[in-house]
Every structure is written in C-alpha cells, then in structure tokens.
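**Student:** Here you go, this is data-v3.cif (mmCIF, N, CA and C atoms).
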```
data_start
#
loop_
_atom_site.group_PDB
_atom_site.id
_atom_site.type_symbol
_atom_site.label_atom_id
_atom_site.label_comp_id
_atom_site.auth_asym_id
_atom_site.auth_seq_id
_atom_site.Cartn_x
_atom_site.Cartn_y
_atom_site.Cartn_z
ATOM 1 N N MET A 3 -27.994 5.822 11.345
ATOM 2 C CA MET A 3 -26.644 5.828 11.839
ATOM 3 C C MET A 3 -25.665 6.161 10.706
ATOM 4 N N ARG A 4 -25.889 5.549 9.542
ATOM 5 C CA ARG A 4 -25.013 5.816 8.401
ATOM 6 C C ARG A 4 -25.106 7.276 7.975
ATOM 7 N N THR A 5 -26.317 7.823 7.988
ATOM 8 C CA THR A 5 -26.515 9.227 7.617
ATOM 9 C C THR A 5 -25.786 10.145 8.586
ATOM 10 N N THR A 6 -25.875 9.832 9.868
ATOM 11 C CA THR A 6 -25.201 10.633 10.886
ATOM 12 C C THR A 6 -23.690 10.570 10.698
ATOM 13 N N ALA A 7 -23.163 9.371 10.433
ATOM 14 C CA ALA A 7 -21.723 9.213 10.221
ATOM 15 C C ALA A 7 -21.276 9.993 8.989
ATOM 16 N N ASN A 8 -22.022 9.906 7.903
ATOM 17 C CA ASN A 8 -21.678 10.660 6.693
ATOM 18 C C ASN A 8 -21.709 12.158 6.939
ATOM 19 N N ASP A 9 -22.705 12.612 7.683
ATOM 20 C CA ASP A 9 -22.814 14.037 8.006
ATOM 21 C C ASP A 9 -21.619 14.496 8.834
ATOM 22 N N LEU A 10 -21.254 13.710 9.830
ATOM 23 C CA LEU A 10 -20.103 14.054 10.666
ATOM 24 C C LEU A 10 -18.810 14.070 9.854
ATOM 25 N N LEU A 11 -18.650 13.110 8.969
ATOM 26 C CA LEU A 11 -17.459 13.081 8.122
ATOM 27 C C LEU A 11 -17.379 14.305 7.228
ATOM 28 N N ARG A 12 -18.502 14.694 6.653
ATOM 29 C CA ARG A 12 -18.505 15.878 5.789
ATOM 30 C C ARG A 12 -18.182 17.147 6.569
ATOM 31 N N ARG A 13 -18.772 17.275 7.755
ATOM 32 C CA ARG A 13 -18.572 18.500 8.541
ATOM 33 C C ARG A 13 -17.177 18.598 9.143
ATOM 34 N N HIS A 14 -16.568 17.459 9.462
ATOM 35 C CA HIS A 14 -15.280 17.478 10.169
ATOM 36 C C HIS A 14 -14.151 16.870 9.354
ATOM 37 N N HIS A 15 -14.313 16.857 8.034
ATOM 38 C CA HIS A 15 -13.315 16.250 7.157
ATOM 39 C C HIS A 15 -11.933 16.852 7.372
ATOM 40 N N HIS A 16 -11.838 18.159 7.455
ATOM 41 C CA HIS A 16 -10.539 18.822 7.630
ATOM 42 C C HIS A 16 -9.880 18.418 8.947
ATOM 43 N N GLN A 17 -10.681 18.291 9.998
ATOM 44 C CA GLN A 17 -10.120 17.922 11.302
ATOM 45 C C GLN A 17 -9.619 16.483 11.304
ATOM 46 N N ILE A 18 -10.305 15.607 10.607
ATOM 47 C CA ILE A 18 -9.872 14.209 10.508
ATOM 48 C C ILE A 18 -8.514 14.140 9.833
ATOM 49 N N GLY A 19 -8.348 14.870 8.737
ATOM 50 C CA GLY A 19 -7.066 14.903 8.030
ATOM 51 C C GLY A 19 -5.949 15.424 8.910
ATOM 52 N N LEU A 20 -6.215 16.496 9.645
ATOM 53 C CA LEU A 20 -5.202 17.049 10.548
ATOM 54 C C LEU A 20 -4.830 16.055 11.645
ATOM 55 N N THR A 21 -5.812 15.383 12.206
ATOM 56 C CA THR A 21 -5.561 14.414 13.266
ATOM 57 C C THR A 21 -4.716 13.252 12.750
ATOM 58 N N VAL A 22 -5.054 12.748 11.586
ATOM 59 C CA VAL A 22 -4.264 11.660 11.003
ATOM 60 C C VAL A 22 -2.840 12.123 10.743
ATOM 61 N N ARG A 23 -2.679 13.298 10.162
ATOM 62 C CA ARG A 23 -1.342 13.823 9.873
ATOM 63 C C ARG A 23 -0.532 13.978 11.155
ATOM 64 N N GLU A 24 -1.133 14.529 12.193
ATOM 65 C CA GLU A 24 -0.423 14.724 13.463
ATOM 66 C C GLU A 24 -0.001 13.388 14.071
ATOM 67 N N ASN A 25 -0.879 12.394 14.013
ATOM 68 C CA ASN A 25 -0.541 11.089 14.572
ATOM 69 C C ASN A 25 0.572 10.407 13.786
ATOM 70 N N LEU A 26 0.553 10.529 12.459
ATOM 71 C CA LEU A 26 1.611 9.935 11.651
ATOM 72 C C LEU A 26 2.942 10.640 11.859
ATOM 73 N N GLU A 27 2.904 11.963 11.988
ATOM 74 C CA GLU A 27 4.139 12.712 12.207
ATOM 75 C C GLU A 27 4.731 12.436 13.578
ATOM 76 N N ALA A 28 3.890 12.054 14.539
ATOM 77 C CA ALA A 28 4.371 11.762 15.885
ATOM 78 C C ALA A 28 5.141 10.440 15.943
ATOM 79 N N LEU A 29 4.871 9.553 14.993
ATOM 80 C CA LEU A 29 5.554 8.261 14.980
ATOM 81 C C LEU A 29 6.952 8.399 14.389
ATOM 82 N N GLU A 30 7.875 7.633 14.929
ATOM 83 C CA GLU A 30 9.205 7.589 14.339
ATOM 84 C C GLU A 30 9.145 6.731 13.083
ATOM 85 N N THR A 31 10.053 6.967 12.167
ATOM 86 C CA THR A 31 10.048 6.271 10.882
ATOM 87 C C THR A 31 10.097 4.758 11.072
ATOM 88 N N ASP A 32 10.973 4.283 11.957
ATOM 89 C CA ASP A 32 11.093 2.837 12.176
ATOM 90 C C ASP A 32 9.790 2.236 12.688
ATOM 91 N N THR A 33 9.119 2.940 13.576
ATOM 92 C CA THR A 33 7.850 2.459 14.123
ATOM 93 C C THR A 33 6.790 2.406 13.039
ATOM 94 N N LEU A 34 6.728 3.439 12.219
ATOM 95 C CA LEU A 34 5.743 3.485 11.136
ATOM 96 C C LEU A 34 5.994 2.371 10.125
ATOM 97 N N VAL A 35 7.252 2.162 9.750
ATOM 98 C CA VAL A 35 7.595 1.098 8.800
ATOM 99 C C VAL A 35 7.220 -0.260 9.373
ATOM 100 N N ARG A 36 7.501 -0.485 10.633
ATOM 101 C CA ARG A 36 7.173 -1.762 11.282
ATOM 102 C C ARG A 36 5.660 -1.991 11.294
ATOM 103 N N GLN A 37 4.882 -0.954 11.590
ATOM 104 C CA GLN A 37 3.428 -1.087 11.609
ATOM 105 C C GLN A 37 2.885 -1.399 10.218
ATOM 106 N N ILE A 38 3.412 -0.735 9.208
ATOM 107 C CA ILE A 38 2.966 -0.996 7.836
ATOM 108 C C ILE A 38 3.309 -2.422 7.438
ATOM 109 N N GLU A 39 4.534 -2.850 7.729
ATOM 110 C CA GLU A 39 4.943 -4.212 7.374
ATOM 111 C C GLU A 39 4.115 -5.253 8.107
ATOM 112 N N ASP A 40 3.753 -4.990 9.357
ATOM 113 C CA ASP A 40 2.921 -5.926 10.111
ATOM 114 C C ASP A 40 1.546 -6.103 9.461
ATOM 115 N N ARG A 41 1.025 -5.026 8.911
ATOM 116 C CA ARG A 41 -0.330 -5.069 8.366
ATOM 117 C C ARG A 41 -0.385 -5.539 6.915
ATOM 118 N N VAL A 42 0.642 -5.240 6.129
ATOM 119 C CA VAL A 42 0.603 -5.583 4.704
ATOM 120 C C VAL A 42 1.770 -6.463 4.273
ATOM 121 N N GLY A 43 2.530 -6.978 5.215
ATOM 122 C CA GLY A 43 3.722 -7.764 4.897
ATOM 123 C C GLY A 43 3.428 -8.974 4.037
ATOM 124 N N ALA A 44 2.392 -9.722 4.363
ATOM 125 C CA ALA A 44 2.064 -10.920 3.583
ATOM 126 C C ALA A 44 1.688 -10.543 2.152
ATOM 127 N N ASP A 45 0.940 -9.460 1.993
ATOM 128 C CA ASP A 45 0.565 -9.013 0.653
ATOM 129 C C ASP A 45 1.791 -8.582 -0.141
ATOM 130 N N LEU A 46 2.733 -7.901 0.532
ATOM 131 C CA LEU A 46 3.946 -7.472 -0.154
ATOM 132 C C LEU A 46 4.769 -8.671 -0.607
ATOM 133 N N GLN A 47 4.834 -9.708 0.222
ATOM 134 C CA GLN A 47 5.562 -10.912 -0.162
ATOM 135 C C GLN A 47 4.921 -11.561 -1.383
ATOM 136 N N PHE A 48 3.592 -11.603 -1.413
ATOM 137 C CA PHE A 48 2.872 -12.178 -2.544
ATOM 138 C C PHE A 48 3.148 -11.375 -3.816
ATOM 139 N N ILE A 49 3.180 -10.060 -3.708
ATOM 140 C CA ILE A 49 3.469 -9.197 -4.854
ATOM 141 C C ILE A 49 4.890 -9.445 -5.336
ATOM 142 N N ARG A 50 5.835 -9.559 -4.407
ATOM 143 C CA ARG A 50 7.229 -9.829 -4.793
ATOM 144 C C ARG A 50 7.347 -11.173 -5.502
ATOM 145 N N LEU A 51 6.685 -12.189 -4.977
ATOM 146 C CA LEU A 51 6.730 -13.512 -5.583
ATOM 147 C C LEU A 51 6.137 -13.486 -6.988
ATOM 148 N N ASN A 52 4.985 -12.855 -7.122
ATOM 149 C CA ASN A 52 4.365 -12.739 -8.452
ATOM 150 C C ASN A 52 5.277 -11.985 -9.416
ATOM 151 N N GLY A 53 5.901 -10.937 -8.946
ATOM 152 C CA GLY A 53 6.814 -10.167 -9.789
ATOM 153 C C GLY A 53 7.998 -11.005 -10.243
ATOM 154 N N ALA A 54 8.528 -11.821 -9.342
ATOM 155 C CA ALA A 54 9.657 -12.675 -9.706
ATOM 156 C C ALA A 54 9.249 -13.719 -10.734
ATOM 157 N N VAL A 55 8.090 -14.329 -10.531
ATOM 158 C CA VAL A 55 7.617 -15.358 -11.466
ATOM 159 C C VAL A 55 7.338 -14.750 -12.828
ATOM 160 N N VAL A 56 6.596 -13.668 -12.867
ATOM 161 C CA VAL A 56 6.263 -13.029 -14.143
ATOM 162 C C VAL A 56 7.530 -12.517 -14.822
ATOM 163 N N GLY A 57 8.418 -11.900 -14.069
ATOM 164 C CA GLY A 57 9.675 -11.421 -14.643
ATOM 165 C C GLY A 57 10.512 -12.547 -15.210
ATOM 166 N N GLY A 58 10.551 -13.674 -14.500
ATOM 167 C CA GLY A 58 11.294 -14.829 -14.991
ATOM 168 C C GLY A 58 10.705 -15.378 -16.275
ATOM 169 N N LEU A 59 9.383 -15.484 -16.324
ATOM 170 C CA LEU A 59 8.722 -15.980 -17.539
ATOM 171 C C LEU A 59 8.959 -15.055 -18.730
ATOM 172 N N ILE A 60 8.897 -13.774 -18.505
ATOM 173 C CA ILE A 60 9.136 -12.813 -19.587
ATOM 174 C C ILE A 60 10.586 -12.927 -20.060
ATOM 175 N N GLY A 61 11.500 -13.077 -19.121
ATOM 176 C CA GLY A 61 12.906 -13.249 -19.490
ATOM 177 C C GLY A 61 13.133 -14.486 -20.328
ATOM 178 N N VAL A 62 12.493 -15.583 -19.947
ATOM 179 C CA VAL A 62 12.620 -16.825 -20.725
ATOM 180 C C VAL A 62 12.027 -16.630 -22.122
ATOM 181 N N LEU A 63 10.864 -16.023 -22.209
ATOM 182 C CA LEU A 63 10.238 -15.783 -23.515
ATOM 183 C C LEU A 63 11.111 -14.898 -24.403
ATOM 184 N N LEU A 64 11.706 -13.858 -23.824
ATOM 185 C CA LEU A 64 12.589 -12.992 -24.605
ATOM 186 C C LEU A 64 13.830 -13.751 -25.078
ATOM 187 N N ALA A 65 14.369 -14.585 -24.207
ATOM 188 C CA ALA A 65 15.552 -15.360 -24.587
ATOM 189 C C ALA A 65 15.223 -16.342 -25.698
ATOM 190 N N ILE A 66 14.089 -17.012 -25.606
ATOM 191 C CA ILE A 66 13.680 -17.951 -26.650
ATOM 192 C C ILE A 66 13.429 -17.218 -27.958
ATOM 193 N N THR A 67 12.788 -16.077 -27.897
ATOM 194 C CA THR A 67 12.524 -15.279 -29.094
ATOM 195 C C THR A 67 13.836 -14.851 -29.747
ATOM 196 N N ARG A 68 14.782 -14.434 -28.950
ATOM 197 C CA ARG A 68 16.080 -14.010 -29.482
ATOM 198 C C ARG A 68 16.810 -15.194 -30.084
ATOM 199 N N TRP A 69 16.745 -16.333 -29.423
ATOM 200 C CA TRP A 69 17.425 -17.544 -29.904
ATOM 201 C C TRP A 69 16.829 -17.999 -31.232
ATOM 202 N N LEU A 70 15.498 -17.931 -31.351
ATOM 203 C CA LEU A 70 14.849 -18.343 -32.589
ATOM 204 C C LEU A 70 15.109 -17.352 -33.735
ATOM 205 N N ALA A 71 15.303 -16.083 -33.402
ATOM 206 C CA ALA A 71 15.518 -15.044 -34.416
ATOM 207 C C ALA A 71 16.920 -15.125 -35.017
ATOM 208 N N VAL A 72 17.848 -15.739 -34.313
ATOM 209 C CA VAL A 72 19.235 -15.789 -34.806
ATOM 210 C C VAL A 72 19.440 -16.901 -35.755
#
```
Using structure tokens, write down the structure that the file contains.
**Tutor:**
Amino acid sequence: MRTTANDLLRRHHHQIGLTVRENLEALETDTLVRQIEDRVGADLQFIRLNGAVVGGLIGVLLAITRWLAV
C-alpha cells in the first residue's frame, strides 16, 4: 500500500500541487485566516508567550548589565 501511494504521488505530483493551489485560491482571505488560526492558534499563543518571556528576560539582563557597567 505504501509503495502504491508513493508511486501515485510521484506520478501525479504536479496535479496535487495544482489542486491544492486552486483550492487555496478559491478561499477568501478571511476564511483561510480563520482556518489557519483554528488549527494552529494554540501553538501561536504558546510561541507568543515564549517570545514575551524570553524577550523580557533578555531585557532585564541587558538592563542589569548596563547598570553594572556604569
């Protein structure tokens, strides 16, 4: 079954790309954004939270370094 699937993917790779492109182009921007957020929203929130924490820590370290250097 895996061999058959790989063979089909290799033979019809161009058609798969065209089909995906056509389906994405058919969606309105708002619909596409909503679908993406529904599927990866929790991960994006986690990335934002991590970015805020790491950014805050780096800011504190830079401030302490500057304070000690003066």
**Student:** So how far away is atom CA of Ile38 of chain A from atom CA of Val22 of chain A, in Å?
**Tutor:**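 Atom-to-atom, atom CA of Val22 of chain A and atom CA of Ile38 of chain A are spaced 14.9 Å apart.
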**Student:** Quick check, in Å to one decimal: how far apart do atom CA of Ala7 of chain A and atom CA of Gly19 of chain A lie?
**Tutor:** 15.9 Å
**Student:** Work out where the centre of an axis-aligned box around every listed atom of segment 27-34 of chain A lies and how long its edges are once 3 Å is added on each side; give both in Å to one decimal as lines of an AutoDock Vina configuration file.
**Tutor:**
```
center_x = 7.0
center_y = 7.5
center_z = 13.0
size_x = 14.2
size_y = 16.5
size_z = 11.8
```
**Student:** Mind giving me the straight-line distance from atom C of Ile66 of chain A to atom N of Phe48 of chain A in Å, one decimal?
**Tutor:**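 Computed distance, atom C of Ile66 of chain A to atom N of Phe48 of chain A, equals 28.9 Å.
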